[in-house]
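Participant: My structure is stored as coords_11.cif, with mmCIF, C-alpha atoms.
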```cif
data_entry
loop_
_atom_site.label_atom_id
_atom_site.label_comp_id
_atom_site.auth_asym_id
_atom_site.auth_seq_id
_atom_site.Cartn_x
_atom_site.Cartn_y
_atom_site.Cartn_z
CA MET A 25 21.61 14.11 -0.72
CA ASN A 26 20.90 15.38 2.77
CA VAL A 27 18.46 12.59 3.57
CA LEU A 28 21.20 10.04 2.91
CA LYS A 29 23.45 11.64 5.51
CA LYS A 30 21.00 11.43 8.36
CA LYS A 31 21.67 9.12 11.23
CA LEU A 32 20.38 5.58 10.82
CA SER A 33 18.20 4.04 13.49
CA VAL A 34 19.74 1.51 15.86
CA ALA A 35 17.79 -1.31 14.18
CA VAL A 36 19.18 -0.55 10.74
CA LEU A 37 22.72 -0.13 12.02
CA ALA A 38 22.51 -3.50 13.75
CA LEU A 39 21.26 -5.14 10.59
CA GLY A 40 24.05 -3.59 8.54
CA ALA A 41 26.64 -4.98 10.93
CA MET A 42 25.00 -8.39 10.92
CA MET A 43 24.90 -8.60 7.12
CA GLY A 44 28.39 -7.21 6.62
CA VAL A 45 27.11 -4.51 4.32
CA SER A 46 29.68 -2.37 2.53
CA GLN A 47 29.81 -0.33 -0.62
CA SER A 48 31.36 -3.35 -2.36
CA ALA A 49 28.01 -5.12 -2.00
CA PHE A 50 26.72 -3.03 -4.88
CA ALA A 51 29.17 -4.78 -7.21
CA GLU A 52 27.78 -8.20 -6.34
CA GLN A 53 24.49 -7.53 -8.15
CA LYS A 54 22.65 -8.83 -5.11
CA ILE A 55 19.20 -7.35 -4.59
CA ARG A 56 17.78 -7.58 -1.08
CA ILE A 57 14.11 -6.76 -0.62
CA ALA A 58 12.50 -5.79 2.71
CA HIS A 59 8.77 -5.72 3.41
CA GLY A 60 6.44 -6.07 6.39
CA ALA A 61 3.89 -8.62 5.14
CA SER A 62 3.82 -12.32 5.97
CA PRO A 63 5.17 -14.92 3.53
CA GLU A 64 1.55 -16.04 2.97
CA PHE A 65 0.48 -12.59 1.71
CA HIS A 66 -0.04 -12.12 -2.03
CA MET A 67 2.55 -9.33 -2.20
CA HIS A 68 5.27 -11.69 -1.00
CA THR A 69 4.19 -14.23 -3.60
CA ALA A 70 4.46 -11.51 -6.26
CA LEU A 71 7.97 -10.65 -5.07
CA LEU A 72 8.92 -14.30 -5.42
CA GLU A 73 7.71 -14.00 -9.01
CA PHE A 74 9.91 -10.91 -9.43
CA LYS A 75 12.87 -12.92 -8.10
CA LYS A 76 12.18 -15.78 -10.51
CA ILE A 77 11.81 -13.51 -13.55
CA LEU A 78 14.81 -11.27 -12.81
CA GLU A 79 17.19 -14.11 -12.00
CA GLN A 80 16.09 -16.06 -15.05
CA ASP A 81 16.17 -13.14 -17.50
CA SER A 82 19.57 -11.94 -16.21
CA ASN A 83 21.07 -15.45 -16.38
CA ASN A 84 21.53 -15.18 -12.62
CA ARG A 85 23.65 -12.03 -12.78
CA PHE A 86 21.17 -10.73 -10.22
CA VAL A 87 20.49 -12.73 -7.06
CA VAL A 88 17.37 -11.69 -5.15
CA GLU A 89 16.90 -12.22 -1.40
CA ILE A 90 13.59 -11.34 0.26
CA PHE A 91 13.20 -10.42 3.95
CA PRO A 92 9.46 -10.51 4.86
CA SER A 93 7.55 -9.92 8.10
CA GLY A 94 9.47 -6.81 9.14
CA GLN A 95 12.74 -8.69 9.64
CA ILE A 96 14.60 -5.49 8.75
CA GLY A 97 12.60 -3.46 11.26
CA GLY A 98 9.54 -1.24 11.26
CA ASP A 99 8.18 0.66 8.28
CA THR A 100 10.47 3.65 8.84
CA ASN A 101 13.48 1.38 9.30
CA MET A 102 12.81 -0.40 6.01
CA VAL A 103 12.66 2.84 4.04
CA GLU A 104 15.82 4.09 5.73
CA ALA A 105 17.51 0.76 4.98
CA ALA A 106 16.77 1.23 1.27
CA GLN A 107 17.93 4.85 1.38
CA MET A 108 21.25 3.83 2.89
CA GLY A 109 21.81 0.71 0.80
CA VAL A 110 21.48 -1.75 3.69
CA VAL A 111 18.89 -3.36 1.40
CA GLU A 112 18.36 -2.45 -2.22
CA ILE A 113 14.55 -2.46 -2.29
CA ALA A 114 11.82 -1.70 0.26
CA VAL A 115 8.12 -2.27 -0.40
CA GLU A 116 5.86 0.04 1.61
CA PRO A 117 2.47 1.74 1.18
CA PRO A 118 2.97 5.21 -0.36
CA SER A 119 1.17 6.84 2.56
CA PHE A 120 4.00 5.66 4.85
CA LEU A 121 6.42 7.73 2.76
CA ALA A 122 4.45 10.80 3.83
CA LYS A 123 6.81 11.03 6.81
CA TRP A 124 9.33 12.43 4.32
CA ASP A 125 6.93 13.99 1.80
CA PRO A 126 3.17 14.41 2.54
CA ALA A 127 2.45 14.39 -1.21
CA PHE A 128 2.57 10.58 -1.16
CA GLU A 129 -0.71 10.42 0.75
CA VAL A 130 -2.56 11.57 -2.39
CA ALA A 131 -2.46 8.08 -3.93
CA GLU A 132 -4.48 6.60 -1.05
CA LEU A 133 -6.98 9.34 -0.22
CA PRO A 134 -10.39 7.99 0.86
CA PHE A 135 -13.25 7.86 -1.66
CA ILE A 136 -11.20 9.68 -4.30
CA TYR A 137 -11.49 7.18 -7.16
CA PRO A 138 -14.77 6.18 -8.84
CA SER A 139 -13.33 2.72 -9.57
CA LYS A 140 -10.17 0.64 -9.31
CA GLU A 141 -9.80 0.84 -13.09
CA VAL A 142 -9.68 4.64 -12.98
CA ALA A 143 -7.24 4.52 -10.07
CA PHE A 144 -4.69 2.50 -12.02
CA LYS A 145 -5.07 4.74 -15.06
CA VAL A 146 -4.15 7.68 -12.81
CA LEU A 147 -1.24 5.83 -11.22
CA GLU A 148 0.13 5.03 -14.66
CA SER A 149 -0.42 8.57 -15.99
CA ASP A 150 1.77 11.68 -15.90
CA ALA A 151 0.36 12.36 -12.43
CA GLY A 152 1.64 9.02 -11.14
CA ASP A 153 5.00 9.55 -12.81
CA ALA A 154 5.30 13.01 -11.24
CA LEU A 155 4.64 11.56 -7.79
CA GLN A 156 7.25 8.83 -8.25
CA ALA A 157 9.75 11.45 -9.43
CA ARG A 158 9.55 12.99 -5.94
CA LEU A 159 11.27 9.84 -4.65
CA HIS A 160 14.54 11.16 -6.08
CA ASP A 161 14.64 13.72 -3.28
CA LEU A 162 14.65 10.77 -0.87
CA GLY A 163 17.47 8.94 -2.64
CA LEU A 164 15.05 6.40 -4.10
CA GLU A 165 13.71 5.28 -7.46
CA GLY A 166 10.16 3.99 -7.92
CA LEU A 167 9.56 0.63 -9.58
CA GLY A 168 5.82 0.84 -10.20
CA TRP A 169 2.57 0.58 -8.26
CA MET A 170 1.63 -2.70 -6.59
CA GLU A 171 -1.89 -3.30 -5.32
CA MET A 172 -2.52 -4.17 -1.70
CA GLY A 173 -6.27 -4.44 -2.30
CA SER A 174 -9.26 -2.15 -1.90
CA ARG A 175 -10.07 -1.40 1.72
CA HIS A 176 -13.50 -2.33 3.10
CA ILE A 177 -15.30 -1.89 6.42
CA THR A 178 -16.34 -4.57 8.90
CA ASN A 179 -18.25 -3.85 12.11
CA ASN A 180 -20.68 -5.27 14.64
CA ALA A 181 -23.31 -2.51 14.53
CA ARG A 182 -24.92 -2.48 11.07
CA PRO A 183 -24.32 -2.75 7.31
CA ILE A 184 -22.78 0.39 5.82
CA HIS A 185 -24.81 1.82 2.93
CA LYS A 186 -24.57 5.56 3.60
CA PRO A 187 -22.42 7.92 5.69
CA GLU A 188 -25.01 8.01 8.47
CA ASP A 189 -24.48 4.29 9.03
CA LEU A 190 -21.00 5.06 10.35
CA GLN A 191 -22.34 7.36 13.05
CA GLY A 192 -20.77 6.53 16.41
CA ILE A 193 -18.90 3.41 15.25
CA LYS A 194 -15.48 3.09 16.89
CA LEU A 195 -13.44 2.14 13.85
CA ARG A 196 -9.81 1.07 13.81
CA THR A 197 -7.92 2.92 11.08
CA MET A 198 -4.29 3.23 10.04
CA LYS A 199 -2.27 6.09 11.49
CA VAL A 200 -2.78 8.14 8.32
CA PRO A 201 -4.01 11.70 9.03
CA THR A 202 -6.21 11.99 5.91
CA HIS A 203 -7.91 8.68 6.71
CA ILE A 204 -8.59 9.72 10.29
CA GLU A 205 -10.01 13.07 9.16
CA ALA A 206 -12.21 11.38 6.54
CA PHE A 207 -13.83 8.89 8.92
CA ARG A 208 -14.32 11.55 11.55
CA ALA A 209 -16.10 13.70 8.96
CA LEU A 210 -18.37 10.75 8.11
CA GLY A 211 -19.44 10.44 11.74
CA ALA A 212 -17.31 7.49 12.81
CA ASN A 213 -14.97 7.49 15.78
CA PRO A 214 -11.62 6.65 14.11
CA SER A 215 -9.26 4.84 16.46
CA PRO A 216 -5.73 4.21 15.17
CA MET A 217 -4.35 0.95 16.52
CA ASN A 218 -1.41 -1.30 15.76
CA PHE A 219 -2.39 -3.97 13.27
CA GLY A 220 -1.40 -6.83 15.55
CA GLU A 221 -3.88 -5.65 18.21
CA VAL A 222 -6.95 -5.44 15.98
CA TYR A 223 -8.32 -8.99 16.38
CA ALA A 224 -8.23 -8.82 20.18
CA GLY A 225 -9.72 -5.31 20.08
CA LEU A 226 -12.66 -6.55 18.02
CA GLN A 227 -13.06 -9.67 20.11
CA VAL A 228 -13.40 -7.82 23.43
CA GLY A 229 -15.28 -4.82 22.01
CA VAL A 230 -12.59 -2.18 22.49
CA ILE A 231 -13.38 -1.25 18.88
CA ASP A 232 -16.59 -1.89 16.92
CA GLY A 233 -15.02 -2.35 13.52
CA GLN A 234 -12.02 -1.97 11.27
CA GLU A 235 -11.15 -1.34 7.62
CA ASN A 236 -8.74 -3.39 5.54
CA PRO A 237 -8.39 -5.24 2.24
CA LEU A 238 -10.20 -8.59 2.00
CA SER A 239 -6.91 -10.45 2.16
CA HIS A 240 -6.19 -9.04 5.63
CA ILE A 241 -9.80 -9.41 6.80
CA TYR A 242 -9.82 -13.10 5.90
CA THR A 243 -6.29 -14.18 6.78
CA GLN A 244 -6.41 -12.33 10.13
CA LYS A 245 -9.83 -13.91 10.82
CA PHE A 246 -11.47 -10.55 11.54
CA HIS A 247 -14.69 -11.91 9.99
CA GLU A 248 -14.94 -14.41 12.85
CA VAL A 249 -15.51 -11.59 15.35
CA GLN A 250 -17.56 -9.27 13.09
CA LYS A 251 -21.19 -9.39 11.93
CA TYR A 252 -21.08 -7.17 8.83
CA LEU A 253 -18.73 -6.71 5.90
CA SER A 254 -19.47 -3.73 3.65
CA LEU A 255 -17.60 -3.58 0.35
CA THR A 256 -17.01 0.16 0.47
CA ASN A 257 -13.84 0.29 -1.69
CA HIS A 258 -13.08 3.52 0.15
CA VAL A 259 -9.29 3.39 -0.33
CA LEU A 260 -7.26 1.59 -2.94
CA GLY A 261 -4.49 0.15 -0.80
CA LEU A 262 -1.15 0.26 -2.58
CA TYR A 263 2.47 -0.72 -2.22
CA LEU A 264 5.25 1.34 -3.75
CA PRO A 265 8.41 -0.73 -4.35
CA VAL A 266 11.41 1.62 -4.13
CA ILE A 267 15.05 0.92 -4.96
CA ASN A 268 18.16 2.68 -3.70
CA GLN A 269 18.85 5.38 -6.29
CA GLU A 270 22.65 5.13 -6.10
CA PHE A 271 22.50 1.38 -6.72
CA TYR A 272 19.99 1.81 -9.54
CA GLU A 273 21.88 4.58 -11.34
CA ALA A 274 25.13 2.57 -11.21
CA LEU A 275 23.47 -0.10 -13.36
CA SER A 276 23.50 -0.13 -17.14
CA SER A 277 20.35 1.17 -18.85
CA GLU A 278 19.67 -2.41 -19.97
CA ASP A 279 19.76 -3.70 -16.39
CA GLN A 280 17.61 -0.82 -15.18
CA ALA A 281 15.03 -1.73 -17.81
CA LEU A 282 15.29 -5.41 -16.86
CA ILE A 283 14.54 -4.68 -13.20
CA LYS A 284 11.57 -2.46 -14.04
CA GLU A 285 10.18 -4.95 -16.56
CA SER A 286 10.54 -7.80 -14.06
CA MET A 287 8.65 -5.77 -11.46
CA ARG A 288 5.97 -4.84 -14.03
CA LYS A 289 5.37 -8.53 -14.73
CA ALA A 290 5.30 -9.30 -11.00
CA ILE A 291 2.72 -6.53 -10.48
CA GLU A 292 0.47 -7.98 -13.20
CA PHE A 293 0.90 -11.40 -11.61
CA ASP A 294 -0.15 -9.88 -8.27
CA LYS A 295 -3.29 -8.27 -9.73
CA ASN A 296 -4.47 -11.62 -11.07
CA LEU A 297 -3.65 -13.30 -7.77
CA ILE A 298 -5.72 -10.73 -5.87
CA LYS A 299 -8.75 -11.31 -8.13
CA GLU A 300 -8.59 -15.05 -7.51
CA GLU A 301 -8.06 -14.67 -3.77
CA GLU A 302 -10.79 -12.10 -3.18
CA SER A 303 -13.43 -14.21 -4.91
CA LYS A 304 -12.43 -17.18 -2.73
CA TYR A 305 -12.31 -15.11 0.46
CA LEU A 306 -15.77 -13.59 -0.09
CA SER A 307 -17.29 -17.00 -0.71
CA GLN A 308 -15.69 -18.53 2.36
CA MET A 309 -16.56 -15.60 4.65
CA ALA A 310 -20.18 -15.64 3.50
CA ALA A 311 -20.35 -19.38 4.19
CA GLN A 312 -19.05 -18.72 7.70
CA GLY A 313 -21.89 -16.32 8.42
CA ILE A 314 -20.78 -12.72 8.01
CA ALA A 315 -23.37 -10.55 6.20
CA ILE A 316 -21.88 -8.96 3.08
CA ASN A 317 -23.19 -5.93 1.20
CA GLU A 318 -21.65 -4.03 -1.70
CA LEU A 319 -22.08 -0.29 -2.26
CA SER A 320 -23.87 0.60 -5.47
CA ALA A 321 -22.51 3.32 -7.75
CA GLU A 322 -25.18 5.65 -6.39
CA GLU A 323 -24.25 4.89 -2.78
CA MET A 324 -20.56 5.40 -3.55
CA ALA A 325 -21.38 8.79 -5.09
CA VAL A 326 -23.01 9.87 -1.81
CA PHE A 327 -19.82 9.08 0.10
CA GLN A 328 -17.73 10.96 -2.46
CA GLU A 329 -20.04 13.95 -2.12
CA ALA A 330 -19.67 13.79 1.66
CA MET A 331 -15.90 14.05 1.22
CA LYS A 332 -16.03 17.35 -0.70
CA PRO A 333 -15.94 19.58 2.40
CA LEU A 334 -12.61 17.91 3.25
CA SER A 335 -11.04 18.66 -0.12
CA THR A 336 -9.38 21.84 1.18
CA VAL A 337 -7.92 19.96 4.16
CA MET A 338 -6.63 17.17 1.92
CA ARG A 339 -5.26 19.64 -0.64
CA ASP A 340 -3.37 21.49 2.09
CA ARG A 341 -2.08 18.20 3.48
CA VAL A 342 -0.61 16.79 0.24
CA GLY A 343 0.17 20.10 -1.48
CA GLY A 344 -1.90 22.10 -3.95
CA GLU A 345 0.08 21.24 -7.07
CA THR A 346 0.05 17.50 -6.36
CA TYR A 347 -3.63 17.47 -5.37
CA ASP A 348 -4.75 19.44 -8.42
CA LEU A 349 -2.74 17.29 -10.81
CA TRP A 350 -4.12 14.12 -9.22
CA THR A 351 -7.78 15.15 -9.18
CA GLN A 352 -7.56 16.44 -12.75
CA SER A 353 -6.13 13.10 -13.83
CA ILE A 354 -9.03 11.34 -12.11
CA LYS A 355 -11.48 13.49 -14.09
CA ASP A 356 -9.61 12.92 -17.35
CA ASN A 357 -9.51 9.16 -16.86
CA SER A 358 -13.12 8.88 -15.72
CA ASN A 359 -14.57 9.88 -19.11
#
```
Please go through the file and, once you have read it, give me the structure as structure tokens.
Facilitator:
Amino acid sequence: MNVLKKKLSVAVLALGAMMGVSQSAFAEQKIRIAHGASPEFHMHTALLEFKKILEQDSNNRFVVEIFPSGQIGGDTNMVEAAQMGVVEIAVEPPSFLAKWDPAFEVAELPFIYPSKEVAFKVLESDAGDALQARLHDLGLEGLGWMEMGSRHITNNARPIHKPEDLQGIKLRTMKVPTHIEAFRALGANPSPMNFGEVYAGLQVGVIDGQENPLSHIYTQKFHEVQKYLSLTNHVLGLYLPVINQEFYEALSSEDQALIKESMRKAIEFDKNLIKEEESKYLSQMAAQGIAINELSAEEMAVFQEAMKPLSTVMRDRVGGETYDLWTQSIKDNSN
């Protein structure tokens, strides 16, 4: 495929030389996984569970090595490394794959799901399967949907109960166009910033607030420099584990099924881990003094209504066919 012939970045080439990667590596049944999170993050723990299950159930025919904390390079480098077989698997948010195909932003559009339960029904529906099938054009195969955690808003101005409460707040967001457009439409001043700069930005007042899953808010100690935490659940943060398609298709159907089943079990393990962690994090942050409020169903509906004028922009961004299939699946799974 054309995407597999494109020039690798210097970082990926250097890694390939360092690891002695060659086509013969595919025959070794070694599976290397690259991701950008820290070893303390729940996703890494889930990948360790994947390693344990796959190695055990394959009688160690597969050997899994995990490279956390961006050791392979930045987000683009990790995807390219999986495309080229420098590593076998990369674990990235689907919105980061929008560099190659904007359709992948649809899974993490703001205020699109009425609940996390509906979101996972959509991800596991024909709509989710159709989106993962688009990975084949990138030389990749999807291995399921892994939760990062619902994203929430912290700030130093006021609790967020309605769109007007965001008016004028300088809010750090990811560099995702649909997210920036959404917060701008709600009256905030979205300010994309590298993740590693957020704590200092909050501490000195360069930004008023930020939005992230509870695991990031707590472990990065953002709550120590913020007054309010609003459980807005505005985006279901996701990871999309992808495996090099050439490697995957060279495996027997039994081994393909084994890898996907091992990842499915790891994803379920991760969901339970997130539930346990989030309950603990909320309790500990409340004890440390941050004021916490949760949006009611009625308040959430107001935000979703406020997003409707952006539907045309979002549909154009991700593609009409993808957007229509996704929103119809949300309706079907909300009944």
Participant: I would like the residues chosen by the PyMOL selection byres ((chain A and resi 124) around 10) on the shown file; could you give them as a VMD selection string?
Facilitator: chain A and resid 27 100 120 to 123 125 to 128 159 161 to 162
Participant: My list of candidates is A:Glu89, A:Glu171, A:Val342, A:Leu275. Which is closest to Lys76 in chain A when distances are computed with only C-alpha atoms?
Facilitator: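 Comparing A:Glu89, A:Glu171, A:Val342, A:Leu275 against Lys76 in chain A, the winner is A:Glu89.
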Participant: Mind pulling up the distance from CA of Glu64 in chain A to CA of Glu248 in chain A?
Facilitator: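 Atom-to-atom, CA of Glu248 in chain A to CA of Glu64 in chain A, that is 19.3 Å.
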Participant: Quick one: residues within 9 Å of Val249 in chain A, only C-alpha atoms counted, chain neighbours fewer than 4 positions away excluded, as an NGL selection string?
Facilitator: :A and (179-180 or 223 or 226-227 or 245)
Participant: Pull C-alpha atoms from the residues just selected and write them as a compact mmCIF listing (two decimals), in the coordinates of the input.
Facilitator:
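Heads up, here's the output in selection.txt:
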```
# COMPACT_ATOMS: atom_id res chain seq x y z
CA ASN A 179 -18.25 -3.85 12.11
CA ASN A 180 -20.68 -5.27 14.64
CA TYR A 223 -8.32 -8.99 16.38
CA LEU A 226 -12.66 -6.55 18.02
CA GLN A 227 -13.06 -9.67 20.11
CA LYS A 245 -9.83 -13.91 10.82
```
Participant: Give me the residues near Gly173 in chain A as a list in words, where near means some atom within 9 Å (using all atoms listed in the file) and where sequence neighbours in that chain fewer than 4 positions away do not count.
Facilitator: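 With the cut-off at 9 Å, the set is Asn236, Pro237, Leu238, Ser239, Asn257, Val259, Leu260, Gly261, Leu262, Lys295, Ile298 and Glu302 of chain A.
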Participant: Would you kindly translate the PyMOL selection byres ((chain A and resi 216) around 8) into the concrete residues it picks from this file, as a VMD selection string?
Facilitator: chain A and resid 196 to 199 204 214 to 215 217 to 218
Participant: Can you build me a table of range 138-243 of chain A residues sitting at most 10 Å from range 102-110 of chain A, with the closest atom pair per residue and its distance in Å to one decimal, using all atoms listed in the file, sorted by chain and residue number, as a tab-separated table?
Facilitator:
```
residue	atom	partner	partner_atom	distance
A:Leu162	CA	A:Gln107	CA	7.1
A:Gly163	CA	A:Gln107	CA	5.8
A:Leu164	CA	A:Gln107	CA	6.4
A:Glu165	CA	A:Gln107	CA	9.8
```
Participant: Please measure the separation of CA of Ala181 in chain A and CA of Leu306 in chain A, giving the value in Å to one decimal.
Facilitator: 19.8 Å
Participant: Please determine the residues with any atom at most 10 Å from (1.9, -12.5, -5.3) (coordinates as given in the file, with only C-alpha atoms counting) and report them as a ChimeraX atom specification.
Facilitator: /A:63-74,170-171,290-298
Participant: Quick check on the file I pasted: which residues fall under the PyMOL selection byres ((chain A and resi 57) around 8)? Write them as a list in words.
Facilitator: Ile55, Arg56, Ala58, His59, Val88, Glu89, Ile90, Phe91, Val111, Glu112, Ile113, Ala114 and Val115 of chain A
Participant: Let me make sure I understand: among A:Lys289, A:Lys251, A:Lys194, A:Arg182, which one has the smallest atom-to-atom distance to Met309 in chain A if we use only C-alpha atoms?
Facilitator: A:Lys251
Participant: Rounded to one decimal place, report the CA of Gly98 in chain A-CA of Arg208 in chain A distance in Å.
Facilitator: 27.1 Å
Participant: Regenerate range 93-102 of chain A at the level of all heavy atoms and dump it as a compact mmCIF listing (two decimals), keeping the file's coordinate frame.
Facilitator:
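Written output follows (part.txt):
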```txt
# COMPACT_ATOMS: atom_id res chain seq x y z
N SER A 93 8.00 -9.97 6.70
CA SER A 93 7.55 -9.92 8.10
C SER A 93 8.31 -8.93 8.97
O SER A 93 8.49 -9.14 10.16
CB SER A 93 7.64 -11.33 8.73
OG SER A 93 6.91 -12.26 7.98
N GLY A 94 8.79 -7.84 8.37
CA GLY A 94 9.47 -6.81 9.14
C GLY A 94 10.78 -7.26 9.74
O GLY A 94 11.21 -6.74 10.78
N GLN A 95 11.46 -8.22 9.11
CA GLN A 95 12.74 -8.69 9.64
C GLN A 95 13.78 -7.56 9.71
O GLN A 95 14.67 -7.57 10.55
CB GLN A 95 13.29 -9.82 8.76
CG GLN A 95 12.50 -11.11 8.81
CD GLN A 95 13.09 -12.16 7.88
OE1 GLN A 95 14.29 -12.20 7.67
NE2 GLN A 95 12.23 -13.01 7.33
N ILE A 96 13.66 -6.61 8.80
CA ILE A 96 14.60 -5.49 8.75
C ILE A 96 14.27 -4.45 9.81
O ILE A 96 15.10 -3.64 10.19
CB ILE A 96 14.60 -4.85 7.35
CG1 ILE A 96 14.91 -5.90 6.28
CG2 ILE A 96 15.60 -3.71 7.25
CD1 ILE A 96 16.17 -6.67 6.52
N GLY A 97 13.03 -4.45 10.29
CA GLY A 97 12.60 -3.46 11.26
C GLY A 97 11.22 -2.94 10.92
O GLY A 97 10.51 -3.53 10.10
N GLY A 98 10.84 -1.84 11.53
CA GLY A 98 9.54 -1.24 11.26
C GLY A 98 9.51 -0.56 9.92
O GLY A 98 10.49 -0.55 9.17
N ASP A 99 8.37 0.04 9.60
CA ASP A 99 8.18 0.66 8.28
C ASP A 99 9.22 1.75 8.02
O ASP A 99 9.79 1.84 6.92
CB ASP A 99 6.77 1.23 8.17
CG ASP A 99 5.71 0.14 8.29
OD1 ASP A 99 5.79 -0.83 7.52
OD2 ASP A 99 4.85 0.25 9.16
N THR A 100 9.47 2.59 9.00
CA THR A 100 10.47 3.65 8.84
C THR A 100 11.85 3.05 8.64
O THR A 100 12.62 3.49 7.78
CB THR A 100 10.47 4.58 10.06
OG1 THR A 100 9.19 5.23 10.17
CG2 THR A 100 11.55 5.65 9.93
N ASN A 101 12.18 2.02 9.41
CA ASN A 101 13.48 1.38 9.30
C ASN A 101 13.70 0.81 7.90
O ASN A 101 14.81 0.89 7.36
CB ASN A 101 13.63 0.26 10.33
CG ASN A 101 13.63 0.75 11.76
OD1 ASN A 101 13.14 0.07 12.64
ND2 ASN A 101 14.18 1.94 12.00
N MET A 102 12.66 0.22 7.33
CA MET A 102 12.81 -0.40 6.01
C MET A 102 13.08 0.65 4.93
O MET A 102 13.91 0.43 4.04
CB MET A 102 11.57 -1.23 5.67
CG MET A 102 11.55 -2.57 6.39
SD MET A 102 10.21 -3.66 5.87
CE MET A 102 8.87 -3.05 6.87
```
